[in-house]
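Working notes, beginning with the structure itself.
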Amino acid sequence: LEHSELGRLVLQSRYGLLDYPSQLLGKSGVLAAYAAHGCVALDTRPSGPDTDGLVAGRDYLALDSLRRGPPQPDAAGLAAMAAALAAWYAGHRLPQQAQELLALARV
């Protein structure tokens, strides 16, 4: 798909599917795209250690925890999860990272 067409498709989506180890999710460009477009991310890999401040059940859905665990999130819970992922991503966008690196370089 063309970049603009893919962007429109993701904007129309409520969920995004991933297959990444949880400890690498913070480095995923696919997760970043879902976060930027307001999707709830569903990771099909078994949950494990979270990194970069991401937490399964708060910032994204982990398929194995849905199978075994607590009640499924309702619509409000899913909206809160998408908002939490977007908030996490806001601190990881390129302009934010560039400012932080520049501040470190000046020390």
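How things are named: the first chain in the structure tokens is A, the next is B, and so on; residues count from 1 in each chain; ligands count from 1 in the order shown.
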Problem set entry | Residues within 10 Å of range 37-45 of chain A, only C-alpha atoms, excluding chain neighbours under 2 positions, as a ChimeraX atom specification | /A:7-22,25,30-35,47-48,56-57,59-66,78-86
Suppose we keep N, CA and C atoms; can you now write the selection as a short mmCIF file (atom, residue, chain, number, x, y, z; two decimals), in the first residue's frame?
```
data_model
loop_
_atom_site.label_atom_id
_atom_site.label_comp_id
_atom_site.auth_asym_id
_atom_site.auth_seq_id
_atom_site.Cartn_x
_atom_site.Cartn_y
_atom_site.Cartn_z
N GLY A 7 -2.00 4.90 5.95
CA GLY A 7 -2.37 5.80 7.04
C GLY A 7 -3.88 5.90 7.20
N ARG A 8 -4.59 6.03 6.09
CA ARG A 8 -6.07 6.09 6.14
C ARG A 8 -6.64 4.79 6.69
N LEU A 9 -6.09 3.67 6.27
CA LEU A 9 -6.56 2.37 6.73
C LEU A 9 -6.36 2.21 8.24
N VAL A 10 -5.19 2.58 8.72
CA VAL A 10 -4.92 2.46 10.16
C VAL A 10 -5.79 3.42 10.95
N LEU A 11 -6.03 4.62 10.43
CA LEU A 11 -6.92 5.57 11.12
C LEU A 11 -8.34 5.02 11.25
N GLN A 12 -8.76 4.20 10.33
CA GLN A 12 -10.11 3.62 10.37
C GLN A 12 -10.16 2.37 11.25
N SER A 13 -9.02 1.88 11.68
CA SER A 13 -8.94 0.64 12.45
C SER A 13 -9.04 0.91 13.94
N ARG A 14 -9.63 -0.02 14.65
CA ARG A 14 -9.70 0.07 16.11
C ARG A 14 -8.59 -0.72 16.76
N TYR A 15 -8.10 -1.76 16.06
CA TYR A 15 -7.09 -2.65 16.61
C TYR A 15 -5.95 -2.80 15.63
N GLY A 16 -4.78 -3.09 16.17
CA GLY A 16 -3.62 -3.41 15.37
C GLY A 16 -3.01 -4.70 15.90
N LEU A 17 -2.64 -5.59 15.03
CA LEU A 17 -2.10 -6.89 15.40
C LEU A 17 -0.58 -6.88 15.31
N LEU A 18 0.07 -7.39 16.35
CA LEU A 18 1.53 -7.48 16.41
C LEU A 18 1.95 -8.90 16.75
N ASP A 19 3.16 -9.24 16.41
CA ASP A 19 3.76 -10.50 16.84
C ASP A 19 5.21 -10.21 17.22
N TYR A 20 5.39 -9.51 18.37
CA TYR A 20 6.70 -9.08 18.83
C TYR A 20 6.91 -9.57 20.26
N PRO A 21 8.14 -9.92 20.61
CA PRO A 21 8.43 -10.19 22.02
C PRO A 21 8.18 -8.91 22.83
N SER A 22 7.58 -9.05 24.00
CA SER A 22 7.19 -7.87 24.77
C SER A 22 8.37 -6.96 25.09
N LEU A 25 8.85 -4.45 22.16
CA LEU A 25 7.74 -3.64 21.66
C LEU A 25 8.08 -2.16 21.56
N VAL A 30 5.88 -0.65 14.01
CA VAL A 30 4.48 -1.01 13.81
C VAL A 30 3.67 -0.56 15.03
N LEU A 31 4.19 -0.84 16.24
CA LEU A 31 3.51 -0.39 17.45
C LEU A 31 3.42 1.13 17.46
N ALA A 32 4.47 1.81 17.06
CA ALA A 32 4.45 3.27 17.01
C ALA A 32 3.35 3.77 16.07
N ALA A 33 3.18 3.11 14.93
CA ALA A 33 2.13 3.51 13.99
C ALA A 33 0.75 3.32 14.62
N TYR A 34 0.56 2.20 15.29
CA TYR A 34 -0.73 1.97 15.96
C TYR A 34 -0.97 3.04 17.03
N ALA A 35 0.06 3.34 17.80
CA ALA A 35 -0.07 4.34 18.87
C ALA A 35 -0.42 5.71 18.28
N SER A 47 3.15 -13.07 26.72
CA SER A 47 3.60 -11.90 27.48
C SER A 47 4.83 -12.27 28.29
N GLY A 48 5.64 -11.30 28.51
CA GLY A 48 6.88 -11.48 29.25
C GLY A 48 7.25 -10.15 29.86
N ALA A 56 1.65 -4.61 29.60
CA ALA A 56 0.53 -5.38 29.04
C ALA A 56 -0.69 -5.17 29.92
N GLY A 57 -1.83 -5.00 29.29
CA GLY A 57 -3.07 -4.78 30.02
C GLY A 57 -3.37 -3.31 30.28
N ASP A 59 -1.20 -0.65 28.37
CA ASP A 59 -0.84 0.03 27.13
C ASP A 59 -1.17 -0.79 25.89
N TYR A 60 -1.26 -2.08 26.03
CA TYR A 60 -1.57 -2.97 24.91
C TYR A 60 -2.17 -4.25 25.44
N LEU A 61 -2.82 -4.99 24.56
CA LEU A 61 -3.38 -6.30 24.92
C LEU A 61 -2.37 -7.39 24.60
N ALA A 62 -2.25 -8.34 25.49
CA ALA A 62 -1.43 -9.52 25.25
C ALA A 62 -2.39 -10.70 25.11
N LEU A 63 -2.33 -11.39 23.99
CA LEU A 63 -3.29 -12.44 23.68
C LEU A 63 -3.32 -13.52 24.76
N ASP A 64 -2.17 -13.94 25.25
CA ASP A 64 -2.17 -15.02 26.25
C ASP A 64 -2.86 -14.60 27.55
N SER A 65 -2.73 -13.33 27.93
CA SER A 65 -3.39 -12.89 29.16
C SER A 65 -4.91 -12.79 28.96
N LEU A 66 -5.35 -12.53 27.74
CA LEU A 66 -6.79 -12.50 27.46
C LEU A 66 -7.38 -13.90 27.57
N LEU A 78 -10.89 -0.26 26.57
CA LEU A 78 -10.12 -0.28 25.32
C LEU A 78 -9.74 1.14 24.90
N ALA A 79 -10.66 2.08 25.05
CA ALA A 79 -10.36 3.47 24.72
C ALA A 79 -9.25 4.00 25.64
N ALA A 80 -9.31 3.64 26.92
CA ALA A 80 -8.26 4.06 27.86
C ALA A 80 -6.93 3.44 27.48
N MET A 81 -6.94 2.20 27.00
CA MET A 81 -5.71 1.53 26.59
C MET A 81 -5.10 2.23 25.37
N ALA A 82 -5.93 2.57 24.40
CA ALA A 82 -5.43 3.30 23.22
C ALA A 82 -4.87 4.65 23.63
N ALA A 83 -5.52 5.32 24.56
CA ALA A 83 -5.03 6.62 25.04
C ALA A 83 -3.72 6.47 25.80
N ALA A 84 -3.59 5.41 26.59
CA ALA A 84 -2.35 5.17 27.32
C ALA A 84 -1.20 4.90 26.36
N LEU A 85 -1.46 4.13 25.31
CA LEU A 85 -0.41 3.86 24.32
C LEU A 85 -0.03 5.14 23.58
N ALA A 86 -1.00 5.96 23.25
CA ALA A 86 -0.71 7.24 22.58
C ALA A 86 0.10 8.15 23.49
#
```
Problem set entry | Sel. of strand (DSSP E) residues, range 39-93 of chain A, as a ChimeraX atom specification | /A:40-43,61-62
Problem set entry | Separation of CA of Ser28 in chain A from CA of Asp52 in chain A, in Å and rounded to one decimal |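 Here the two named atoms are 11.2 Å from each other.
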Problem set entry | Picked from range 12-82 of chain A by DSSP as helix (DSSP H, G or I), as a ChimeraX atom specification | /A:12,22-27,29-36,63-68,75-82
Problem set entry | Nearest candidate to Ala36 in chain A (options A:Ala90, A:Ala76, A:Val55, A:Ala105; using only C-alpha atoms) | A:Ala90
For this session: For each of A:Val107, A:Gly77, A:Leu101, A:His92, take the minimum atom-to-atom distance to Gly29 in chain A, counting only C-alpha atoms, then give the residue where this is smallest.
Result: A:His92
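Distance check against Leu54 in chain A using only C-alpha atoms: of A:Arg106, A:His3, A:Leu24, A:Pro95, the minimum falls on A:Leu24.
The coordinates place CA of Pro49 in chain A at 29.5 Å from CA of Ala103 in chain A.
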For this session: Name the closest residue to Tyr89 in chain A among the candidates A:Gly26, A:Arg67, A:Gln72, A:Leu102; distances are taken between atoms, counting only C-alpha atoms.
Result: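 The shortest atom-to-atom distance to Tyr89 in chain A comes from A:Gly26.
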Exercise. Between A:Pro73, A:Glu100, A:Lys27, A:Glu2, which has the minimum distance to Arg58 in chain A (counting only C-alpha atoms)?
Worked result: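 The closest residue to Arg58 in chain A is A:Pro73.
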